[in-house]
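Okay, so here's the structure we're looking at.
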Amino acid sequence: MKFVDDFVPYEQISNFSELALKLELDLEISWLPEYLNISAWSENIPIAFWLTKILKPNTFVELGTHYAVSYMSFCQAVSKLSLSTNCFAVDTWKGDSQAGYYDSKVFDIVNKYNKLHYTHFSKLLRKTFDEARLDFEKNSIDLLHIDGLHTYDAVKHDYETWIDTLSDKGVILFHDINVINDEQNFGVWKFWQELRDSFPSFTLPIGPGLGILGVGKRFPSPLQFLFSAKGNEARNIQSIFGSNGLLIKSINDLILTKQREEKLLNSFAWKIFKSLRAIGRLPSRFFSKKQQ
Ligand SMILES: C[S@@+](CC[C@H](N)C(=O)[O-])C[C@H]1O[C@@H](n2cnc3c(N)ncnc32)[C@H](O)[C@@H]1O
């Protein structure tokens, strides 16, 4: 497997406060996920929190949920920010040729967590993407996350089938835009390269990578700023979200390794997680000082 672009975390972002103001970045940059599990998505959680805050979607739909690491991060932001977003996760919960095929235990885990925390605004649709398309009207979705099968043909099909459901502030997220893996026939990177200049867009090339595509006509100004960022400015923004994303990925890897070794989340991993949570809260001092 190769990456299209390498993520380079900067030691210092010179114009952090200027960027933070333009992005209306606040304490969500220091949040840690309340739900983690097996996934290649954990690096994107900080930008998912921020995007949910800025876009305030009325309807969020995810195509491809698996253990729901991405989905639960959007739900966490909706809940924490008391937004009135309706969230829908679509998956057969059977797997595919790239994610692997799995049994119903995965759905049971996701369903249990969803019922416990987010049932009042979140629904799991256990069906194919094409079947679920019939459940949504045209122009009704503000935020769509496409993360199903990652072949060129599959992602193009998902995009073409769902594009007319996007509202006039619609944003589509594509996962795995940074992965070149010919053996497994990954093609999202190619589709993203064809598509990204046709609309306002932003590329987060951290790990598997996330593409943010603005297919609507009116966006909140922080999102317009994100779409307009080029060169060093864009790299600094990638660095802000990406560095925190790497921290979250490390925590996830650590917890999963520990779980695998000992078959439970033992107290050692949990203590490290809690310490890193405390470190993660440090930026709050920066913001509270600024507000004084
Ligand atoms: C890459 S995984 C999703 C990863 C997840 N977003 C995360 O945070 O880790 C892809 C999922 O899409 C589902 N899937 C693929 N094609 C599908 C289709 N046409 N209809 C329904 N589910 C599909 C698979 O069952 C699999 O669980």
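Every chain in the structure tokens has a letter given in the order shown (A, B, ...), and although residue numbers restart at 1 in each chain, ligands are simply numbered from 1 in the order shown.
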Residues near Leu51 (chain A), cut-off 12 Å, only C-alpha atoms, skip fewer than 6 positions along chain, as a ChimeraX atom specification: /A:23-26,28-29,44-45,57,60,73-74,77-78,81,142-145,170-173,202,212-214,219-224,226,241
Produce a table with one row for each residue of region 18-73 of chain A that has an atom at most 10 Å from any atom of region 118-123 of chain A, each row naming the nearest atom pair and its distance in Å at one decimal; use only C-alpha atoms; arrange rows by chain and rising residue number; format as JSON lines.
```
{"residue": "A:Thr59", "atom": "CA", "partner": "A:Phe121", "partner_atom": "CA", "distance": 9.9}
{"residue": "A:Phe60", "atom": "CA", "partner": "A:Ser122", "partner_atom": "CA", "distance": 9.4}
{"residue": "A:Val61", "atom": "CA", "partner": "A:Lys123", "partner_atom": "CA", "distance": 9.7}
{"residue": "A:Tyr71", "atom": "CA", "partner": "A:Ser122", "partner_atom": "CA", "distance": 9.7}
{"residue": "A:Met72", "atom": "CA", "partner": "A:Tyr118", "partner_atom": "CA", "distance": 8.9}
```
Option closest in space to ligand 1, from A:Leu83, A:Ile272, A:Ala234, A:Ile38 [counting only C-alpha atoms and all ligand atoms]: A:Ile38
Might you pull out every residue within 9 Å of Ile206 (chain A), with only C-alpha atoms counted and same-chain residues fewer than 5 positions away left off, and present them as a PDB file with C-alpha atoms, in the first residue's frame?
```
ATOM      1  CA  ASP A   5       0.601  12.358  -0.205  1.00  0.00           C
ATOM      2  CA  ASP A   6       2.649  12.243   3.001  1.00  0.00           C
ATOM      3  CA  PHE A   7       1.403  13.957   6.110  1.00  0.00           C
ATOM      4  CA  VAL A   8       4.104  16.077   7.735  1.00  0.00           C
ATOM      5  CA  GLU A  43      -7.251  10.250  12.450  1.00  0.00           C
ATOM      6  CA  ASN A  44     -10.213  12.167  11.046  1.00  0.00           C
ATOM      7  CA  ASN A 178      -4.937   8.863  -0.026  1.00  0.00           C
ATOM      8  CA  GLN A 238      -3.911  19.905   7.756  1.00  0.00           C
ATOM      9  CA  SER A 239      -1.354  20.011  10.507  1.00  0.00           C
ATOM     10  CA  GLY A 242      -3.857  15.960  11.535  1.00  0.00           C
ATOM     11  CA  SER A 243      -1.647  16.220  14.617  1.00  0.00           C
ATOM     12  CA  GLY A 245      -5.837  12.981  14.667  1.00  0.00           C
ATOM     13  CA  LEU A 246      -2.530  11.156  15.069  1.00  0.00           C
TER      14      LEU A 246
END
```
Test item: residues at most 12 Å from region 128-139 of chain A, only C-alpha atoms, excluding those fewer than 6 positions along its chain, as JSON, numbers by chain: {"A": [58, 59, 60, 61, 62, 63, 64, 65, 88, 89, 90, 91, 92, 93, 94, 95, 96, 145, 146, 147, 148, 149, 154, 155, 157, 158, 159, 160, 161, 162, 163, 164, 165, 166, 167, 168, 169, 170, 171, 215, 216, 217]}
Members of region 201-249 of chain A assigned strand (DSSP E or B) by DSSP, as a list of chain:residue names: A:Ser201, A:Phe202, A:Thr203, A:Leu204, A:Leu210, A:Gly211, A:Ile212, A:Leu213, A:Gly214
DSSP helix (DSSP H, G or I) selection over region 110-176 of chain A, as a list in words: Val110, Asn111, Lys112, Tyr113, Asn114, Lys115, Leu116, His117, Phe129, Asp130, Glu131, Ala132, Arg133, Tyr152, Asp153, Ala154, Val155, Lys156, His157, Asp158, Tyr159, Glu160, Thr161, Trp162, Ile163, Asp164 and Thr165 of chain A
From A:Thr203, A:Ser84, A:Asn252, A:Ser79, residue lying nearest ligand 1 [only C-alpha atoms and all ligand atoms]: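 For ligand 1, the nearest of the candidates is A:Asn252.
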Point-to-point distance in Å for CA of Asp176 (chain A) and CA of Gly211 (chain A):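 Between these atoms lies a distance of 8.2 Å.
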Residue among A:Ile54, A:Leu27, A:Val188, A:Ile141 lying closest to ligand 1, counting only C-alpha atoms and all ligand atoms: A:Val188
Nearest residue to Gly209 (chain A) from the set A:Ser228, A:His175, A:Thr151, A:Leu32 (distances using only C-alpha atoms):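 Closest to Gly209 (chain A), using only C-alpha atoms: A:His175.
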Coordinates-based distance that separates CA of Ser17 (chain A) from CA of Asn236 (chain A) (Å, one decimal):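 Computing it gives 11.4 Å between the two atoms.
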Distance criterion (only C-alpha atoms and all ligand atoms): nearest to ligand 1 out of A:His117, A:Asn15, A:Lys2, A:His150: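 When distances to ligand 1 are compared using only C-alpha atoms and all ligand atoms, the smallest one comes from A:His150.
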Among listed residues A:Asn86, A:Ser97, A:Pro33, A:Pro46, nearest ligand 1 (using only C-alpha atoms and all ligand atoms):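 Of all the options, A:Ser97 lies closest to ligand 1.
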Distance in Å - CA of Asp103 (chain A) versus CA of Ala68 (chain A):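 Interatomic distance here is 15.0 Å.
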